[in-house]
$ cat model.txt   # compact mmCIF, N, CA and C atoms
# COMPACT_ATOMS: atom_id res chain seq x y z
N MET O 266 -16.27 -180.04 34.84
CA MET O 266 -16.56 -178.66 34.44
C MET O 266 -18.07 -178.56 34.24
N ALA O 267 -18.69 -177.65 34.91
CA ALA O 267 -20.12 -177.41 34.73
C ALA O 267 -20.37 -176.90 33.32
N GLY O 268 -21.48 -177.32 32.73
CA GLY O 268 -21.80 -176.95 31.35
C GLY O 268 -21.78 -175.46 31.09
N ARG O 269 -22.43 -174.71 31.94
CA ARG O 269 -22.52 -173.26 31.71
C ARG O 269 -21.16 -172.59 31.84
N ASP O 270 -20.33 -173.06 32.78
CA ASP O 270 -18.99 -172.50 32.93
C ASP O 270 -18.14 -172.78 31.69
N GLY O 271 -18.21 -174.01 31.20
CA GLY O 271 -17.46 -174.36 29.98
C GLY O 271 -17.91 -173.55 28.80
N ASP O 272 -19.21 -173.40 28.64
CA ASP O 272 -19.75 -172.58 27.55
C ASP O 272 -19.23 -171.15 27.66
N ALA O 273 -19.23 -170.60 28.86
CA ALA O 273 -18.79 -169.22 29.07
C ALA O 273 -17.32 -169.05 28.71
N ILE O 274 -16.49 -170.02 29.08
CA ILE O 274 -15.06 -169.94 28.75
C ILE O 274 -14.87 -169.97 27.24
N VAL O 275 -15.55 -170.89 26.57
CA VAL O 275 -15.41 -171.01 25.11
C VAL O 275 -15.93 -169.75 24.42
N ARG O 276 -17.07 -169.25 24.87
CA ARG O 276 -17.59 -168.00 24.29
C ARG O 276 -16.60 -166.85 24.49
N ALA O 277 -15.95 -166.82 25.64
CA ALA O 277 -14.97 -165.76 25.92
C ALA O 277 -13.76 -165.87 24.99
N VAL O 278 -13.34 -167.09 24.66
CA VAL O 278 -12.24 -167.28 23.73
C VAL O 278 -12.60 -166.71 22.37
N PHE O 279 -13.79 -167.04 21.87
CA PHE O 279 -14.21 -166.53 20.57
C PHE O 279 -14.41 -165.01 20.58
N ALA O 280 -14.92 -164.48 21.69
CA ALA O 280 -15.09 -163.03 21.80
C ALA O 280 -13.73 -162.33 21.77
N ALA O 281 -12.75 -162.88 22.47
CA ALA O 281 -11.41 -162.28 22.47
C ALA O 281 -10.80 -162.35 21.08
N TYR O 282 -10.99 -163.46 20.40
CA TYR O 282 -10.44 -163.62 19.05
C TYR O 282 -11.05 -162.60 18.10
N ALA O 283 -12.37 -162.45 18.15
CA ALA O 283 -13.05 -161.50 17.26
C ALA O 283 -12.69 -160.06 17.60
N ALA O 284 -12.46 -159.78 18.89
CA ALA O 284 -12.11 -158.42 19.32
C ALA O 284 -10.61 -158.14 19.19
N LYS O 285 -9.85 -159.16 18.79
CA LYS O 285 -8.39 -159.04 18.67
C LYS O 285 -7.76 -158.66 20.02
N ASP O 286 -8.33 -159.20 21.10
CA ASP O 286 -7.93 -158.88 22.46
C ASP O 286 -6.93 -159.94 22.95
N ARG O 287 -5.69 -159.74 22.64
CA ARG O 287 -4.64 -160.70 22.97
C ARG O 287 -4.54 -160.92 24.47
N ALA O 288 -4.64 -159.88 25.26
CA ALA O 288 -4.54 -160.02 26.72
C ALA O 288 -5.64 -160.93 27.26
N ALA O 289 -6.84 -160.78 26.75
CA ALA O 289 -7.96 -161.61 27.22
C ALA O 289 -7.75 -163.07 26.87
N ILE O 290 -7.32 -163.33 25.65
CA ILE O 290 -7.15 -164.73 25.25
C ILE O 290 -5.94 -165.36 25.95
N GLU O 291 -4.92 -164.57 26.24
CA GLU O 291 -3.76 -165.10 26.96
C GLU O 291 -4.16 -165.61 28.35
N ARG O 292 -5.11 -164.93 28.99
CA ARG O 292 -5.58 -165.38 30.31
C ARG O 292 -6.39 -166.67 30.21
N LEU O 293 -7.02 -166.90 29.08
CA LEU O 293 -7.89 -168.07 28.90
C LEU O 293 -7.15 -169.32 28.45
N ILE O 294 -5.94 -169.16 27.92
CA ILE O 294 -5.19 -170.29 27.37
C ILE O 294 -4.09 -170.69 28.35
N ALA O 295 -4.11 -171.96 28.74
CA ALA O 295 -3.16 -172.47 29.73
C ALA O 295 -1.72 -172.47 29.20
N PRO O 296 -0.75 -172.40 30.11
CA PRO O 296 0.66 -172.44 29.69
C PRO O 296 1.02 -173.70 28.91
N ASP O 297 0.37 -174.83 29.21
CA ASP O 297 0.66 -176.10 28.52
C ASP O 297 -0.34 -176.40 27.40
N PHE O 298 -0.94 -175.37 26.86
CA PHE O 298 -1.92 -175.45 25.76
C PHE O 298 -1.34 -176.11 24.51
N HIS O 299 -2.21 -176.86 23.79
CA HIS O 299 -1.85 -177.42 22.49
C HIS O 299 -3.01 -177.24 21.52
N PHE O 300 -2.66 -177.05 20.24
CA PHE O 300 -3.63 -176.76 19.18
C PHE O 300 -3.38 -177.70 18.01
N THR O 301 -4.46 -178.35 17.55
CA THR O 301 -4.37 -179.26 16.40
C THR O 301 -5.48 -178.93 15.41
N SER O 302 -5.11 -178.94 14.13
CA SER O 302 -6.08 -178.75 13.04
C SER O 302 -5.61 -179.62 11.88
N PRO O 303 -6.36 -179.62 10.77
CA PRO O 303 -5.86 -180.37 9.60
C PRO O 303 -4.50 -179.87 9.11
N LEU O 304 -4.11 -178.65 9.48
CA LEU O 304 -2.84 -178.09 9.03
C LEU O 304 -1.78 -178.01 10.14
N ASP O 305 -2.18 -178.23 11.38
CA ASP O 305 -1.29 -178.04 12.53
C ASP O 305 -1.36 -179.25 13.44
N ASN O 306 -0.20 -179.79 13.82
CA ASN O 306 -0.19 -180.99 14.65
C ASN O 306 0.34 -180.67 16.04
N ARG O 307 -0.59 -180.46 16.96
CA ARG O 307 -0.28 -180.25 18.38
C ARG O 307 0.73 -179.13 18.62
N LEU O 308 0.40 -177.96 18.10
CA LEU O 308 1.25 -176.78 18.31
C LEU O 308 1.23 -176.40 19.78
N ASP O 309 2.37 -175.95 20.29
CA ASP O 309 2.39 -175.45 21.66
C ASP O 309 1.85 -174.02 21.68
N ARG O 310 1.72 -173.48 22.86
CA ARG O 310 1.12 -172.16 23.06
C ARG O 310 1.84 -171.07 22.27
N ALA O 311 3.17 -171.03 22.37
CA ALA O 311 3.95 -170.00 21.68
C ALA O 311 3.77 -170.09 20.16
N THR O 312 3.80 -171.31 19.63
CA THR O 312 3.65 -171.48 18.19
C THR O 312 2.22 -171.15 17.76
N TYR O 313 1.23 -171.47 18.59
CA TYR O 313 -0.15 -171.10 18.29
C TYR O 313 -0.26 -169.57 18.14
N PHE O 314 0.29 -168.84 19.09
CA PHE O 314 0.19 -167.38 19.01
C PHE O 314 0.96 -166.83 17.81
N GLU O 315 2.07 -167.45 17.48
CA GLU O 315 2.86 -167.00 16.33
C GLU O 315 2.15 -167.32 15.00
N ARG O 316 1.61 -168.51 14.90
CA ARG O 316 1.05 -168.98 13.63
C ARG O 316 -0.44 -168.65 13.45
N CYS O 317 -1.23 -168.80 14.50
CA CYS O 317 -2.69 -168.72 14.38
C CYS O 317 -3.28 -167.38 14.80
N TRP O 318 -2.74 -166.77 15.84
CA TRP O 318 -3.32 -165.52 16.35
C TRP O 318 -3.42 -164.44 15.28
N PRO O 319 -2.45 -164.28 14.36
CA PRO O 319 -2.58 -163.24 13.34
C PRO O 319 -3.86 -163.36 12.49
N ASN O 320 -4.43 -164.56 12.41
CA ASN O 320 -5.68 -164.74 11.66
C ASN O 320 -6.84 -163.96 12.26
N SER O 321 -6.72 -163.57 13.52
CA SER O 321 -7.81 -162.81 14.15
C SER O 321 -8.01 -161.47 13.44
N GLY O 322 -6.98 -160.98 12.77
CA GLY O 322 -7.07 -159.69 12.10
C GLY O 322 -8.18 -159.59 11.07
N GLY O 323 -8.50 -160.70 10.41
CA GLY O 323 -9.54 -160.69 9.38
C GLY O 323 -10.90 -161.15 9.85
N ILE O 324 -11.01 -161.58 11.09
CA ILE O 324 -12.27 -162.11 11.61
C ILE O 324 -13.16 -160.98 12.12
N GLU O 325 -14.41 -161.00 11.69
CA GLU O 325 -15.38 -160.01 12.18
C GLU O 325 -16.23 -160.55 13.32
N GLY O 326 -16.44 -161.87 13.34
CA GLY O 326 -17.25 -162.43 14.42
C GLY O 326 -17.62 -163.87 14.17
N PHE O 327 -18.35 -164.43 15.12
CA PHE O 327 -18.76 -165.82 15.08
C PHE O 327 -20.23 -165.94 15.46
N ASP O 328 -20.94 -166.81 14.77
CA ASP O 328 -22.31 -167.14 15.13
C ASP O 328 -22.32 -168.61 15.52
N PHE O 329 -22.72 -168.90 16.75
CA PHE O 329 -22.69 -170.27 17.25
C PHE O 329 -23.89 -171.05 16.74
N VAL O 330 -23.61 -172.23 16.21
CA VAL O 330 -24.65 -173.15 15.77
C VAL O 330 -24.99 -174.10 16.90
N ARG O 331 -23.93 -174.58 17.61
CA ARG O 331 -24.14 -175.46 18.77
C ARG O 331 -22.95 -175.39 19.70
N LEU O 332 -23.24 -175.57 20.97
CA LEU O 332 -22.23 -175.73 22.03
C LEU O 332 -22.69 -176.92 22.86
N VAL O 333 -21.86 -177.94 22.93
CA VAL O 333 -22.21 -179.15 23.67
C VAL O 333 -21.10 -179.43 24.67
N THR O 334 -21.45 -179.54 25.95
CA THR O 334 -20.47 -179.77 26.99
C THR O 334 -20.60 -181.18 27.54
N ALA O 335 -19.45 -181.85 27.70
CA ALA O 335 -19.39 -183.18 28.31
C ALA O 335 -18.14 -183.21 29.19
N ASP O 336 -18.34 -183.28 30.48
CA ASP O 336 -17.24 -183.27 31.44
C ASP O 336 -16.35 -182.04 31.22
N ASP O 337 -15.09 -182.24 30.86
CA ASP O 337 -14.17 -181.12 30.71
C ASP O 337 -13.99 -180.69 29.26
N GLN O 338 -14.91 -181.11 28.39
CA GLN O 338 -14.81 -180.74 26.98
C GLN O 338 -16.06 -180.01 26.50
N VAL O 339 -15.82 -179.09 25.55
CA VAL O 339 -16.90 -178.37 24.90
C VAL O 339 -16.70 -178.49 23.40
N ALA O 340 -17.74 -178.98 22.72
CA ALA O 340 -17.73 -179.03 21.26
C ALA O 340 -18.54 -177.84 20.77
N VAL O 341 -17.97 -177.10 19.83
CA VAL O 341 -18.65 -175.93 19.30
C VAL O 341 -18.60 -175.97 17.79
N THR O 342 -19.75 -175.79 17.17
CA THR O 342 -19.83 -175.57 15.73
C THR O 342 -20.25 -174.13 15.55
N TYR O 343 -19.56 -173.43 14.64
CA TYR O 343 -19.84 -172.01 14.46
C TYR O 343 -19.71 -171.64 13.00
N GLU O 344 -20.31 -170.51 12.68
CA GLU O 344 -20.12 -169.87 11.38
C GLU O 344 -19.32 -168.61 11.63
N GLY O 345 -18.16 -168.55 11.00
CA GLY O 345 -17.29 -167.39 11.15
C GLY O 345 -17.56 -166.38 10.05
N ARG O 346 -17.41 -165.12 10.41
CA ARG O 346 -17.57 -164.02 9.45
C ARG O 346 -16.22 -163.33 9.27
N VAL O 347 -15.80 -163.22 8.02
CA VAL O 347 -14.51 -162.63 7.68
C VAL O 347 -14.74 -161.32 6.97
N ALA O 348 -13.82 -160.39 7.14
CA ALA O 348 -13.90 -159.11 6.44
C ALA O 348 -14.13 -159.36 4.96
N GLY O 349 -14.98 -158.57 4.34
CA GLY O 349 -15.30 -158.73 2.94
C GLY O 349 -16.52 -159.61 2.70
N GLY O 350 -17.14 -160.11 3.76
CA GLY O 350 -18.37 -160.86 3.62
C GLY O 350 -18.23 -162.37 3.52
N LYS O 351 -17.02 -162.89 3.43
CA LYS O 351 -16.84 -164.34 3.35
C LYS O 351 -17.26 -164.99 4.66
N ARG O 352 -17.83 -166.18 4.56
CA ARG O 352 -18.26 -166.94 5.74
C ARG O 352 -17.76 -168.36 5.63
N PHE O 353 -17.61 -169.02 6.77
CA PHE O 353 -17.17 -170.41 6.81
C PHE O 353 -17.75 -171.08 8.05
N ARG O 354 -17.73 -172.41 8.06
CA ARG O 354 -18.25 -173.17 9.19
C ARG O 354 -17.19 -174.17 9.64
N ASN O 355 -16.92 -174.20 10.95
CA ASN O 355 -15.98 -175.14 11.55
C ASN O 355 -16.58 -175.75 12.81
N THR O 356 -15.98 -176.84 13.25
CA THR O 356 -16.27 -177.43 14.55
C THR O 356 -14.96 -177.55 15.31
N GLU O 357 -14.99 -177.20 16.59
CA GLU O 357 -13.80 -177.29 17.43
C GLU O 357 -14.16 -178.00 18.72
N ILE O 358 -13.20 -178.78 19.23
CA ILE O 358 -13.35 -179.45 20.51
C ILE O 358 -12.35 -178.81 21.47
N PHE O 359 -12.86 -178.21 22.54
CA PHE O 359 -12.04 -177.57 23.56
C PHE O 359 -11.94 -178.50 24.76
N THR O 360 -10.74 -178.69 25.29
CA THR O 360 -10.55 -179.38 26.56
C THR O 360 -10.16 -178.32 27.58
N LEU O 361 -10.88 -178.32 28.69
CA LEU O 361 -10.71 -177.29 29.72
C LEU O 361 -10.13 -177.88 31.00
N ARG O 362 -9.40 -177.06 31.71
CA ARG O 362 -8.93 -177.40 33.05
C ARG O 362 -9.13 -176.14 33.88
N GLY O 363 -10.04 -176.23 34.82
CA GLY O 363 -10.37 -175.05 35.61
C GLY O 363 -10.97 -173.99 34.70
N GLU O 364 -10.39 -172.80 34.72
CA GLU O 364 -10.89 -171.67 33.94
C GLU O 364 -10.12 -171.46 32.64
N GLN O 365 -9.30 -172.46 32.25
CA GLN O 365 -8.47 -172.29 31.06
C GLN O 365 -8.63 -173.42 30.06
N VAL O 366 -8.27 -173.11 28.82
CA VAL O 366 -8.28 -174.07 27.73
C VAL O 366 -6.90 -174.72 27.67
N VAL O 367 -6.87 -176.05 27.67
CA VAL O 367 -5.59 -176.76 27.58
C VAL O 367 -5.37 -177.39 26.21
N GLU O 368 -6.46 -177.57 25.46
CA GLU O 368 -6.29 -178.17 24.14
C GLU O 368 -7.47 -177.79 23.26
N VAL O 369 -7.18 -177.58 21.98
CA VAL O 369 -8.21 -177.34 20.97
C VAL O 369 -7.90 -178.21 19.76
N GLU O 370 -8.94 -178.89 19.28
CA GLU O 370 -8.88 -179.62 18.02
C GLU O 370 -9.86 -178.94 17.08
N VAL O 371 -9.39 -178.53 15.90
CA VAL O 371 -10.23 -177.85 14.92
C VAL O 371 -10.50 -178.78 13.75
N TYR O 372 -11.75 -178.84 13.33
CA TYR O 372 -12.16 -179.60 12.15
C TYR O 372 -12.75 -178.61 11.16
N PHE O 373 -12.02 -178.34 10.09
CA PHE O 373 -12.47 -177.35 9.12
C PHE O 373 -13.76 -177.81 8.47
N GLY O 374 -14.64 -176.88 8.27
CA GLY O 374 -15.91 -177.15 7.63
C GLY O 374 -15.90 -176.74 6.19
N TRP O 375 -16.84 -175.93 5.84
CA TRP O 375 -16.98 -175.55 4.44
C TRP O 375 -17.21 -174.06 4.33
N SER O 376 -17.05 -173.58 3.11
CA SER O 376 -17.36 -172.18 2.83
C SER O 376 -18.87 -172.02 2.77
N LEU O 377 -19.33 -170.83 3.10
CA LEU O 377 -20.77 -170.53 3.01
C LEU O 377 -20.95 -169.41 2.00
N PRO O 378 -21.87 -169.51 1.08
CA PRO O 378 -22.74 -170.66 0.90
C PRO O 378 -21.94 -171.88 0.43
N HIS O 379 -22.50 -173.04 0.66
CA HIS O 379 -21.84 -174.29 0.30
C HIS O 379 -21.62 -174.33 -1.21
N PRO O 380 -20.44 -174.77 -1.66
CA PRO O 380 -20.16 -174.78 -3.10
C PRO O 380 -20.97 -175.80 -3.89
N ALA O 381 -21.53 -176.80 -3.22
CA ALA O 381 -22.36 -177.80 -3.91
C ALA O 381 -23.83 -177.42 -3.78
N PRO O 382 -24.63 -177.73 -4.79
CA PRO O 382 -26.07 -177.46 -4.67
C PRO O 382 -26.69 -178.39 -3.63
N ALA O 383 -27.80 -177.99 -3.05
CA ALA O 383 -28.50 -178.82 -2.07
C ALA O 383 -28.78 -180.19 -2.68
N GLY O 384 -28.43 -181.23 -1.95
CA GLY O 384 -28.62 -182.58 -2.44
C GLY O 384 -27.54 -183.04 -3.40
N GLY O 385 -26.57 -182.17 -3.69
CA GLY O 385 -25.53 -182.49 -4.66
C GLY O 385 -24.16 -182.54 -4.03
N PHE O 386 -23.15 -182.57 -4.85
CA PHE O 386 -21.78 -182.66 -4.38
C PHE O 386 -20.86 -181.95 -5.35
N VAL O 387 -19.63 -181.74 -4.92
CA VAL O 387 -18.60 -181.15 -5.76
C VAL O 387 -17.77 -182.31 -6.33
N ASP O 388 -17.73 -182.41 -7.62
CA ASP O 388 -16.97 -183.48 -8.28
C ASP O 388 -15.50 -183.10 -8.28
N GLN O 389 -14.66 -183.92 -7.65
CA GLN O 389 -13.24 -183.64 -7.58
C GLN O 389 -12.42 -184.39 -8.62
N ALA O 390 -13.09 -184.99 -9.58
CA ALA O 390 -12.38 -185.77 -10.60
C ALA O 390 -11.62 -184.88 -11.55
$ encode --input "model.txt" --output "structure tokens"
Amino acid sequence: MAGRDGDAIVRAVFAAYAAKDRAAIERLIAPDFHFTSPLDNRLDRATYFERCWPNSGGIEGFDFVRLVTADDQVAVTYEGRVAGGKRFRNTEIFTLRGEQVVEVEVYFGWSLPHPAPAGGFVDQA
């Protein structure tokens, strides 16, 4: 997968999600798609749309921090904007086949602003 093509596909996925454009994202996600996150273990396409797609309702947009392409994968770190002003940061790894996404792995980040002070940490004791 050429870097620019992969970036364009991933950007289109996020644009469809933010626009709540189900038809657009359905074209971008392969029939054999799988989705994994800290809360979801290799969901199939139907379960992804049932469980995850409704979250698009509260999303206002995404600001990309980085997009890195290697062969058929694109790693993206972004800051998401949610209705009401809340922000968060995640990293996702997309695996592509042709013009479609076949797999996504999500690594949840943190809330913005970060709950710990700069140079500090959140004590979980």
$ residues_around --input "model.txt" --residues "stretch 307-316 of chain O" --least-positions-apart "4" --cutoff "8 Å" --atoms "only C-alpha atoms" --output "VMD selection string"
chain O and resid 294 to 301
$ closest_residue --input "model.txt" --among "O:Asn320, O:Gly271, O:Ala277, O:Ala381" --to "O:Asp336" --atoms "all atoms listed in the file"
O:Gly271
$ select_by_dssp --input "model.txt" --residues "chain O" --states "strand (DSSP E)" --output "VMD selection string"
chain O and resid 294 to 301 308 to 309 324 to 335 338 to 347 352 to 362 365 to 377
$ residues_around --input "model.txt" --residues "O:Phe353" --least-positions-apart "6" --cutoff "6 Å" --atoms "only N, CA and C atoms" --output "number ranges by chain"
O: 343-346, 375-377
$ closest_residue --input "model.txt" --among "O:Tyr282, O:Gln365, O:Pro382, O:Asn306" --to "O:Trp318" --atoms "only N, CA and C atoms"
O:Tyr282
$ atom_distance --input "model.txt" --atom1 "atom CA of O:Ala281" --atom2 "atom CA of O:Ser321"
9.1 Å
$ closest_residue --input "model.txt" --among "O:Glu368, O:Glu291, O:Asp272, O:Glu357" --to "O:Ala340" --atoms "only C-alpha atoms"
O:Glu357
$ atom_distance --input "model.txt" --atom1 "atom N of O:Gln389" --atom2 "atom N of O:Asp305"
23.5 Å
$ atom_distance --input "model.txt" --atom1 "atom N of O:Ala280" --atom2 "atom N of O:Asp328"
9.5 Å
$ closest_residue --input "model.txt" --among "O:Thr342, O:Cys317, O:Gly385, O:His379" --to "O:Phe329" --atoms "only N, CA and C atoms"
O:Thr342
$ closest_residue --input "model.txt" --among "O:Gly323, O:Arg331, O:Arg292, O:Arg352" --to "O:Pro380" --atoms "only C-alpha atoms"
O:Arg352
$ closest_residue --input "model.txt" --among "O:Leu293, O:Val275, O:Ala383, O:Ala348" --to "O:Val333" --atoms "only C-alpha atoms"
O:Val275
$ residues_around --input "model.txt" --residues "O:Thr360" --least-positions-apart "4" --cutoff "7 Å" --atoms "all atoms listed in the file" --output "PyMOL selection string"
chain O and resi 337-339+365-370
$ axis_aligned_box --input "model.txt" --around "stretch 315-320 of chain O" --padding-each-side "3 Å" --output "lines of an AutoDock Vina configuration file"
center_x = -2.0
center_y = -166.1
center_z = 14.6
size_x = 15.7
size_y = 11.7
size_z = 11.8
$ decode --input "model.txt" --residues "stretch 339-361 of chain O" --atoms "N, CA, C and O atoms" --output "compact mmCIF listing (two decimals), in the first residue's frame"
# COMPACT_ATOMS: atom_id res chain seq x y z
N VAL O 339 -1.27 1.41 8.73
CA VAL O 339 -1.16 2.83 9.04
C VAL O 339 -1.38 2.98 10.54
O VAL O 339 -2.39 2.51 11.07
N ALA O 340 -0.42 3.61 11.20
CA ALA O 340 -0.57 3.94 12.62
C ALA O 340 -0.96 5.40 12.70
O ALA O 340 -0.34 6.25 12.06
N VAL O 341 -2.00 5.67 13.48
CA VAL O 341 -2.47 7.05 13.61
C VAL O 341 -2.67 7.36 15.08
O VAL O 341 -3.25 6.58 15.82
N THR O 342 -2.11 8.48 15.50
CA THR O 342 -2.39 9.03 16.82
C THR O 342 -3.19 10.30 16.58
O THR O 342 -2.85 11.10 15.71
N TYR O 343 -4.28 10.45 17.34
CA TYR O 343 -5.16 11.59 17.12
C TYR O 343 -5.70 12.10 18.45
O TYR O 343 -5.67 11.40 19.46
N GLU O 344 -6.17 13.33 18.40
CA GLU O 344 -6.92 13.91 19.50
C GLU O 344 -8.36 14.04 19.02
O GLU O 344 -8.63 14.67 18.00
N GLY O 345 -9.25 13.38 19.74
CA GLY O 345 -10.66 13.42 19.40
C GLY O 345 -11.36 14.53 20.15
O GLY O 345 -10.99 14.84 21.29
N ARG O 346 -12.35 15.13 19.51
CA ARG O 346 -13.17 16.17 20.13
C ARG O 346 -14.60 15.65 20.27
O ARG O 346 -15.18 15.18 19.29
N VAL O 347 -15.11 15.72 21.49
CA VAL O 347 -16.44 15.22 21.80
C VAL O 347 -17.34 16.39 22.12
O VAL O 347 -16.89 17.41 22.66
N ALA O 348 -18.62 16.25 21.81
CA ALA O 348 -19.60 17.28 22.15
C ALA O 348 -19.44 17.67 23.61
O ALA O 348 -19.21 16.82 24.46
N GLY O 349 -19.53 18.95 23.91
CA GLY O 349 -19.37 19.44 25.27
C GLY O 349 -17.94 19.84 25.59
O GLY O 349 -17.66 20.23 26.72
N GLY O 350 -17.03 19.72 24.63
CA GLY O 350 -15.67 20.20 24.83
C GLY O 350 -14.67 19.18 25.33
O GLY O 350 -13.48 19.47 25.41
N LYS O 351 -15.10 17.97 25.67
CA LYS O 351 -14.17 16.95 26.14
C LYS O 351 -13.25 16.53 25.01
O LYS O 351 -13.67 16.48 23.85
N ARG O 352 -12.00 16.23 25.35
CA ARG O 352 -11.02 15.78 24.36
C ARG O 352 -10.31 14.55 24.89
O ARG O 352 -10.24 14.34 26.10
N PHE O 353 -9.78 13.74 23.98
CA PHE O 353 -9.05 12.53 24.35
C PHE O 353 -8.02 12.23 23.27
O PHE O 353 -8.08 12.78 22.17
N ARG O 354 -7.06 11.38 23.60
CA ARG O 354 -6.01 11.01 22.65
C ARG O 354 -5.93 9.49 22.59
O ARG O 354 -5.87 8.83 23.62
N ASN O 355 -5.93 8.94 21.37
CA ASN O 355 -5.78 7.51 21.14
C ASN O 355 -4.78 7.26 20.02
O ASN O 355 -4.49 8.15 19.22
N THR O 356 -4.32 6.02 19.95
CA THR O 356 -3.53 5.54 18.81
C THR O 356 -4.23 4.31 18.26
O THR O 356 -4.71 3.47 19.02
N GLU O 357 -4.31 4.23 16.94
CA GLU O 357 -4.92 3.08 16.28
C GLU O 357 -4.01 2.57 15.18
O GLU O 357 -3.32 3.36 14.52
N ILE O 358 -4.01 1.26 15.00
CA ILE O 358 -3.26 0.62 13.93
C ILE O 358 -4.28 0.05 12.95
O ILE O 358 -5.10 -0.79 13.32
N PHE O 359 -4.25 0.53 11.72
CA PHE O 359 -5.14 0.07 10.65
C PHE O 359 -4.38 -0.89 9.75
O PHE O 359 -3.26 -0.58 9.34
N THR O 360 -4.97 -2.02 9.42
CA THR O 360 -4.44 -2.92 8.40
C THR O 360 -5.35 -2.80 7.19
O THR O 360 -6.57 -2.91 7.31
N LEU O 361 -4.74 -2.55 6.04
CA LEU O 361 -5.48 -2.28 4.81
C LEU O 361 -5.28 -3.40 3.80
O LEU O 361 -4.23 -4.04 3.77
